[in-house]
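Asks: Could you have a look at this structure, given as structure tokens, before my questions?
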Amino acid sequence: MQILYTVLLYLIQPLVWLRLLWRSRKAPAYRKRWRERYGFCKNKVKANSILVHAVSVGETIAAIPLIKALQQQYPNLPITVTTMTPTGSERVKALLGDSVNHVYLPYDLPCAINRFLKTTQPKLVIIMETELWPNFICQCHKRNIPLVIANARLSQRSANRYHKLGSAIGKLLSKISIVAAQNKQDGERFVALGLPNDHLAITGSIKFDINLTDQQRQTTTKLKQQWQLNQPVFIAASTHHGEDEIILAAFELLLTKHPDLLLIIVPRHPERFKAVEKLINDHGLTYINRSSKQVPTKQTQVILGDTMGELATLYGLADIAFVGGSLVKHGGHNPLEPALHHIPIISGEHFFNFKVICEQLITAKGMIICDSSPASLYSAINDLLENNTNRKQIGENAYQVLKQNQGALGRLLDVINPYLCVK
């Protein structure tokens, strides 16, 4: 089965190149650094490092506290961070700068993986969440490189798909040193697929282990003073194709009752900035682009968040937050980022990527679920705008869920440390 997988992977490479070129129409970065995608990274990384792989933006942000903790505990060990997307790459550079080495993780081709591992020679590989690349895992195992799946999650839907691989998935999982699962349910799914019990640790989700930095607080305070917003603010963050239309339709309904409401809309991917701007314009709404550095006026109805790395700041300006990827079947994004700001969270019904976290927030009455209609989203926001006491309580409930579940980072480090101790 692995041979078939590898042969197919080689055969589809021309299609992979075409896909990169296609995506580069809107995101030119996809046209660059192709050599890294095939393991050519000499002089870009240091050997004998800790290798941390975070496929894209969400995983990169979740990995930051772990990376910084590893830098503090092992200051003499270089760290290499790999991603698969340009947006993830940009976040690594923006948040960690020159304190780490950064390249793309190569495609799961034996020649590319061998070339990459021969150059990097990592002491330990840490993969964030669940990126199971068969050839990469097998090559790490063959070279006696410990591999940890950190903050691991496995939905029932994904487990069902893996189950179709039969005994092959169990053999692959047995080559992973440790799966550090976010919760017992995820851990049980890994074991059911064939992961040995002694290769499992339940550490919790390190996504809870976030805090606002002094710089983020200062930036938010400065922007509040600059903008002088004396009006309610609703932020729709990390939106995907198909959601912006629903959000804008709901917003137009809200303006009939709350004419001073300000919407901040932040598309998940930079290549969608122009498309969302056109939608706002088509709705006849008065807007400014965040990238223009303009100050909103009383006439401004919408701010388009067309910058990278400012979401934490923009959440700090809002009274209510909607977390995208949940009105469409994408699986949602991290709802804990707005919880950090004590604001109520609204999500669509499709939050399977953060199922356990969202269920905790719902149980604690820190999150409101709406369906994929403008009327449902309008109703959820309107109820919060009309009841200040309830809005503040829901925001506080969300924050308490965040605080009560912190500590996973320490447990994860306890799992990782034995692989880095000097023998």
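Ligands are numbered from 1 in the order shown, residues from 1 within each chain, and chains are lettered A, B, ... in the order they appear in the structure tokens.
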What are the nearest atom pairs, with distances in Å to one decimal, for all residues of segment 189-286 of chain A that come at most 12 Å from segment 386-399 of chain A, using only C-alpha atoms, set out by chain and rising residue number as a tab-separated table?

Replies:
```
residue	atom	partner	partner_atom	distance
A:Phe208	CA	A:Tyr399	CA	10.2
A:Ile210	CA	A:Tyr399	CA	11.3
A:Asn211	CA	A:Tyr399	CA	11.1
A:Pro232	CA	A:Asn388	CA	10.7
A:Leu254	CA	A:Glu386	CA	11.3
A:Lys257	CA	A:Glu386	CA	9.9
A:His258	CA	A:Glu386	CA	9.5
```

Asks: Using the chain letters and numbers from this document, which residues of segment 157-200 of chain A does DSSP assign to alpha helix (DSSP H), as a ChimeraX atom specification?

Replies: /A:157-163,167-173,184-192

Asks: Atom CA of Leu70 of chain A and atom CA of Leu132 of chain A, how far apart in Å?

Replies: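 Those two atoms sit 22.9 Å apart.
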
Asks: List the neighbours of segment 65-67 of chain A out to 8 Å using only C-alpha atoms; skip same-chain residues closer than 2 positions along the sequence, and give me the result as a list in words.

Replies: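 Close residues of segment 65-67 of chain A: Val52, Ala62, Ala63, Ala69, Leu70, Gln71, Ile79, Asp209, Ile210, Leu409 and Leu413 of chain A.
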
Asks: Just want the 10 Å neighbourhood of segment 112-118 of chain A, counted on only C-alpha atoms, with same-chain residues fewer than 6 positions away dropped. Output as a PyMOL selection string.

Replies: chain A and resi 35-42+47+105-106+135-137+139-140+143+145

Asks: Near segment 284-293 of chain A, within 7 Å and counting only C-alpha atoms, which residues show up once chain neighbours fewer than 4 positions away are dropped, as an MDAnalysis selection string?

Replies: chainID A and resid 280 299:307

Asks: I'd like the contact shell of Ala237 of chain A - 10 Å cut-off, only C-alpha atoms, skipping same-chain residues fewer than 5 positions apart - returned as a ChimeraX atom specification.

Replies: /A:264-268,305,311,314-315,321-325,333,335,338

Asks: Now that the selection is made, can you save its residues with C-alpha atoms as a CSV table (one decimal), in the first residue's frame?

Replies:
```csv
chain,number,residue,atom,x,y,z
A,264,ILE,CA,-14.5,44.2,11.2
A,265,ILE,CA,-14.3,41.4,8.7
A,266,VAL,CA,-11.0,39.4,8.4
A,267,PRO,CA,-10.7,36.8,5.6
A,268,ARG,CA,-8.7,33.7,6.6
A,305,GLY,CA,-8.8,43.3,7.9
A,311,LEU,CA,-6.1,39.4,14.6
A,314,LEU,CA,-8.5,43.4,16.3
A,315,TYR,CA,-10.2,41.0,18.7
A,321,ALA,CA,-16.8,37.8,17.8
A,322,PHE,CA,-17.8,35.3,15.1
A,323,VAL,CA,-15.2,32.6,14.4
A,324,GLY,CA,-15.2,31.6,10.7
A,325,GLY,CA,-14.8,28.3,8.9
A,333,HIS,CA,-11.0,27.9,13.7
A,335,PRO,CA,-12.3,30.1,19.4
A,338,PRO,CA,-11.5,35.9,21.2
```

Asks: I need the residue nearest Ser379 of chain A from this list: A:Leu223, A:Ile346, A:Leu165, A:Val16. Use only C-alpha atoms for the distance.

Replies: A:Ile346

Asks: Distance atom CA of Leu248 of chain A-atom CA of Leu317 of chain A, one decimal place?

Replies: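 Computed distance, atom CA of Leu248 of chain A to atom CA of Leu317 of chain A, equals 19.2 Å.
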
Asks: Within 12 Å of Leu200 of chain A, counting only C-alpha atoms, which residues show up once you throw out same-chain ones fewer than 3 positions away? Write them as a PyMOL selection string, please.

Replies: chain A and resi 148-152+173-174+176-192+194-197+203+412+415

Asks: Store the residues picked out above, limited to C-alpha atoms, as a PDB file, in the first residue's frame.

Replies:
```
ATOM      1  CA  VAL A 148       6.192  13.206  18.584  1.00  0.00           C
ATOM      2  CA  ILE A 149       2.727  14.184  17.386  1.00  0.00           C
ATOM      3  CA  ALA A 150       1.992  17.139  19.684  1.00  0.00           C
ATOM      4  CA  ASN A 151      -1.417  18.576  20.496  1.00  0.00           C
ATOM      5  CA  ALA A 152      -2.797  15.645  18.507  1.00  0.00           C
ATOM      6  CA  LEU A 173       1.291   4.599  13.992  1.00  0.00           C
ATOM      7  CA  SER A 174       3.560   2.095  15.771  1.00  0.00           C
ATOM      8  CA  ILE A 176       5.592   7.190  16.065  1.00  0.00           C
ATOM      9  CA  SER A 177       7.387   7.625  19.389  1.00  0.00           C
ATOM     10  CA  ILE A 178       4.558   9.388  21.221  1.00  0.00           C
ATOM     11  CA  VAL A 179       1.138  10.748  20.294  1.00  0.00           C
ATOM     12  CA  ALA A 180       0.398  13.532  22.804  1.00  0.00           C
ATOM     13  CA  ALA A 181      -3.373  13.772  22.415  1.00  0.00           C
ATOM     14  CA  GLN A 182      -5.551  16.734  23.313  1.00  0.00           C
ATOM     15  CA  ASN A 183      -8.097  14.579  25.151  1.00  0.00           C
ATOM     16  CA  LYS A 184      -9.080  11.031  26.054  1.00  0.00           C
ATOM     17  CA  GLN A 185     -11.501  10.654  23.120  1.00  0.00           C
ATOM     18  CA  ASP A 186      -8.862  11.552  20.546  1.00  0.00           C
ATOM     19  CA  GLY A 187      -6.380   9.249  22.258  1.00  0.00           C
ATOM     20  CA  GLU A 188      -8.817   6.330  22.179  1.00  0.00           C
ATOM     21  CA  ARG A 189      -9.334   6.833  18.442  1.00  0.00           C
ATOM     22  CA  PHE A 190      -5.571   6.599  17.829  1.00  0.00           C
ATOM     23  CA  VAL A 191      -5.362   3.404  19.893  1.00  0.00           C
ATOM     24  CA  ALA A 192      -8.347   1.917  18.047  1.00  0.00           C
ATOM     25  CA  GLY A 194      -3.449   0.522  16.112  1.00  0.00           C
ATOM     26  CA  LEU A 195      -1.321   2.942  18.141  1.00  0.00           C
ATOM     27  CA  PRO A 196       0.320   0.993  20.997  1.00  0.00           C
ATOM     28  CA  ASN A 197      -1.001   2.075  24.398  1.00  0.00           C
ATOM     29  CA  THR A 203      -1.626  16.161  27.636  1.00  0.00           C
ATOM     30  CA  LEU A 412       3.649  18.287  26.751  1.00  0.00           C
ATOM     31  CA  VAL A 415       6.635  14.171  27.356  1.00  0.00           C
TER      32      VAL A 415
END
```

Asks: Work out how far apart atom CA of Leu193 of chain A and atom CA of Ser158 of chain A are and give it in Å to one decimal.

Replies: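 About the pair atom CA of Leu193 of chain A and atom CA of Ser158 of chain A: they are 11.0 Å apart.
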
Asks: Identify all residues of segment 172-415 of chain A in strand (DSSP E or B) (DSSP on the backbone) and supply them as a PyMOL selection string.

Replies: chain A and resi 178-181+200-202+233-239+262-267+287-289+302-304+320-323+345-347+367-369

Asks: With only C-alpha atoms as the basis for distance, which of A:Gly407, A:Pro86, A:Pro75, A:Pro418 is at the shortest distance from Ala54 of chain A?

Replies: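 Among the listed residues, the smallest separation from Ala54 of chain A belongs to A:Pro86.
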
Asks: Choose the residue, out of A:Gln225, A:Ser49, A:Asn382, A:Asn160, that has the smallest atom-to-atom separation from Glu252 of chain A; count only C-alpha atoms.

Replies: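 The closest residue to Glu252 of chain A is A:Asn382.
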